[in-house]
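One structure below.
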Amino acid sequence: TCYSCGRGTYSNKSLSRHCDMCPTGYRAERLEAAVRCLACGVGEYQENSAQTACKECGMGKITSTAGSAFCTACLAGMHSNSNVRATGCVKCLPGTYQDDSGETACAQCTPGQIAPHIGTRVCIACLAGKYVADVGNATYCTACEPGRWGNVLVLTSSHKHCQACKKNKVQAEWGKTSCNTALRTTYIRNNTEYECPKSLNGEAKCERGNLTYIN
């Protein structure tokens, strides 16, 4: 008397006295009387033997080859390319990050922080005197403009981090953390300090008029 192979088992030989179990990573081609086992597809797995179906990898996990017995979690700085049956991990784009493994998406950096490279795990805070000018492109820090300063590390995406120099204070350089006191031999125009023109005897002398006169 011949008997059908049970669930998860198969026999590909005639006159065989027993059925074999499908190994891990495989499933029987049908519920009963199977003659072969089929490999689980990419994005699927089966950790047990003698099974009739494969399982889908969970969120943030992948299998990149057929016949896998388990799924692998995407590393930090990456995310899976699909929520189900994922076949690969994708590095986070610049301006985004992922500090955990097994995730399906990357996150935007906190305002005031940047991710200049692909595959970023942790965003970097802008130093004092710099800020993120474009929230949608948090890949670099912008220095405070001349006439402005920023002396604290602030998590902000606004140029308001950079404060305008007060009266008789100047800053002619980019990305500075303080303003300088204007000298008596200088004048200020548009928050920038300039040397006063020389007089006939060689002394610097500022004229009143359209200049901010320092006396």
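All residue names refer to the structure tokens as shown: chains lettered A, B, ... in order, residues numbered from 1 in each chain, ligands numbered from 1 in order.
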| said: List as a VMD selection string the protein and nucleic acid residues near A:Ala28, meaning an atom at most 8 Å away when only C-alpha atoms are counted, but skip any in the same chain fewer than 3 places from it. | reply: chain A and resid 7 to 10 22 31 34 36 to 38 50 to 53
Got time to write the residues from that selection, N, CA and C atoms, as a short mmCIF file (atom, residue, chain, number, x, y, z; two decimals), in the first residue's frame?
data_model
loop_
_atom_site.label_atom_id
_atom_site.label_comp_id
_atom_site.auth_asym_id
_atom_site.auth_seq_id
_atom_site.Cartn_x
_atom_site.Cartn_y
_atom_site.Cartn_z
N ARG A 7 2.09 16.65 5.57
CA ARG A 7 2.35 18.09 5.44
C ARG A 7 3.82 18.39 5.72
N GLY A 8 4.41 19.13 4.82
CA GLY A 8 5.79 19.55 5.00
C GLY A 8 6.83 18.51 4.66
N THR A 9 6.39 17.36 4.15
CA THR A 9 7.34 16.32 3.75
C THR A 9 7.19 16.03 2.26
N TYR A 10 8.16 15.32 1.72
CA TYR A 10 8.13 15.03 0.28
C TYR A 10 8.87 13.72 0.01
N CYS A 22 11.01 18.82 4.48
CA CYS A 22 11.60 19.99 3.81
C CYS A 22 12.47 20.74 4.82
N LEU A 31 0.25 20.71 0.03
CA LEU A 31 -0.05 20.27 1.40
C LEU A 31 0.26 18.79 1.61
N ALA A 34 3.65 15.75 -1.74
CA ALA A 34 4.62 16.60 -2.41
C ALA A 34 5.79 15.78 -2.91
N ARG A 36 8.59 17.54 -4.10
CA ARG A 36 9.76 18.40 -3.99
C ARG A 36 9.48 19.54 -3.01
N CYS A 37 10.54 20.22 -2.61
CA CYS A 37 10.44 21.40 -1.75
C CYS A 37 10.83 22.63 -2.56
N LEU A 38 10.20 23.73 -2.27
CA LEU A 38 10.47 24.99 -2.97
C LEU A 38 11.15 25.96 -2.01
N ALA A 50 9.94 21.05 7.69
CA ALA A 50 8.64 20.38 7.49
C ALA A 50 7.49 21.38 7.48
N GLN A 51 7.61 22.43 6.67
CA GLN A 51 6.58 23.46 6.58
C GLN A 51 5.98 23.50 5.17
N THR A 52 4.77 24.02 5.09
CA THR A 52 4.09 24.11 3.80
C THR A 52 3.99 25.54 3.29
N ALA A 53 4.51 26.51 4.05
CA ALA A 53 4.45 27.91 3.63
C ALA A 53 5.65 28.65 4.19
#
| request: Excluding stretch 142-152 of chain A and residues on its chain fewer than 4 positions from it, collect all residues at most 8 Å away from it, counting only C-alpha atoms, and give them as a list in words. | output: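 Residues meeting the cut-off are Leu127, Ala128, Gly129, Lys130, Tyr131, Val132, Ala133, His159, His161, Cys162, Gln163, Ala164, Cys165, Val170, Gln171, Ala172, Glu173, Trp174, Gly175, Lys176, Thr177, Ser178, Cys179, Asn190, Asn191 and Thr192 of chain A.
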| message | Please compute the atom CA of A:Cys126-atom CA of A:Gly95 distance, one decimal, in Å. | response |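 About the pair atom CA of A:Cys126 and atom CA of A:Gly95: they are 13.0 Å apart.
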| request: Find the residues near A:Ser14: any atom within 12 Å, counting only C-alpha atoms, skip ones fewer than 4 places away on the same chain, and give them as a VMD selection string. | output: chain A and resid 2 to 3 10 18 to 19 35
| query | What lies within 12 Å of A:Gln98 using only C-alpha atoms, ignoring chain neighbours under 3 positions off, as number ranges by chain? | reply | A: 60, 74-80, 90-95, 101-110, 115, 118-123
| request: Take atom CA of A:Ala73 and atom CA of A:Tyr26 and report the distance between them in Å, one decimal. | output: 20.4 Å
| query | When you draw a straight line from atom CA of A:Gly41 to atom CA of A:Cys5, how long is it in Å? | reply |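 Straight-line distance from atom CA of A:Gly41 to atom CA of A:Cys5 works out to 23.3 Å.
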| message | Using DSSP assignments from the backbone, pull out every residue in stretch 130-174 of chain A that falls under helix (DSSP H, G or I) and give it to me as a list of chain:residue names. | response | A:Val135, A:Gly136, A:Asn137, A:His159, A:Lys160, A:His161
Would you save the residues from that selection as a PDB file, in the first residue's frame, using N, CA, C and O atoms?
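Output below, filename result_12.pdb:
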ATOM      1  N   VAL A 135      15.783  74.132   6.057  1.00  0.00           N
ATOM      2  CA  VAL A 135      15.302  73.001   6.839  1.00  0.00           C
ATOM      3  C   VAL A 135      15.150  71.766   5.957  1.00  0.00           C
ATOM      4  O   VAL A 135      15.389  70.641   6.386  1.00  0.00           O
ATOM      5  N   GLY A 136      14.739  71.957   4.717  1.00  0.00           N
ATOM      6  CA  GLY A 136      14.541  70.834   3.820  1.00  0.00           C
ATOM      7  C   GLY A 136      15.832  70.255   3.257  1.00  0.00           C
ATOM      8  O   GLY A 136      15.800  69.259   2.537  1.00  0.00           O
ATOM      9  N   ASN A 137      16.962  70.874   3.578  1.00  0.00           N
ATOM     10  CA  ASN A 137      18.254  70.400   3.092  1.00  0.00           C
ATOM     11  C   ASN A 137      19.283  70.549   4.201  1.00  0.00           C
ATOM     12  O   ASN A 137      20.204  71.349   4.124  1.00  0.00           O
ATOM     13  N   HIS A 159      17.781  81.841  10.891  1.00  0.00           N
ATOM     14  CA  HIS A 159      18.885  82.787  10.970  1.00  0.00           C
ATOM     15  C   HIS A 159      18.753  83.668  12.207  1.00  0.00           C
ATOM     16  O   HIS A 159      19.671  84.405  12.540  1.00  0.00           O
ATOM     17  N   LYS A 160      17.593  83.578  12.932  1.00  0.00           N
ATOM     18  CA  LYS A 160      17.425  84.365  14.151  1.00  0.00           C
ATOM     19  C   LYS A 160      18.439  83.959  15.214  1.00  0.00           C
ATOM     20  O   LYS A 160      18.640  84.659  16.190  1.00  0.00           O
ATOM     21  N   HIS A 161      19.054  82.793  15.012  1.00  0.00           N
ATOM     22  CA  HIS A 161      20.151  82.406  15.903  1.00  0.00           C
ATOM     23  C   HIS A 161      21.255  83.439  15.841  1.00  0.00           C
ATOM     24  O   HIS A 161      21.959  83.677  16.827  1.00  0.00           O
TER      25      HIS A 161
END
| Nearest to A:Phe70: which of A:Asp99, A:Ser49, A:Thr24, A:Ile114 is it, counting only C-alpha atoms? |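 Looking only at the distances to A:Phe70, the closest residue turns out to be A:Thr24.
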| request: Name the residues of stretch 82-175 of chain A that fall into strand (DSSP E or B) according to DSSP on the backbone, using the chain letters and numbers of this document, as a count of residues only. | output: 21
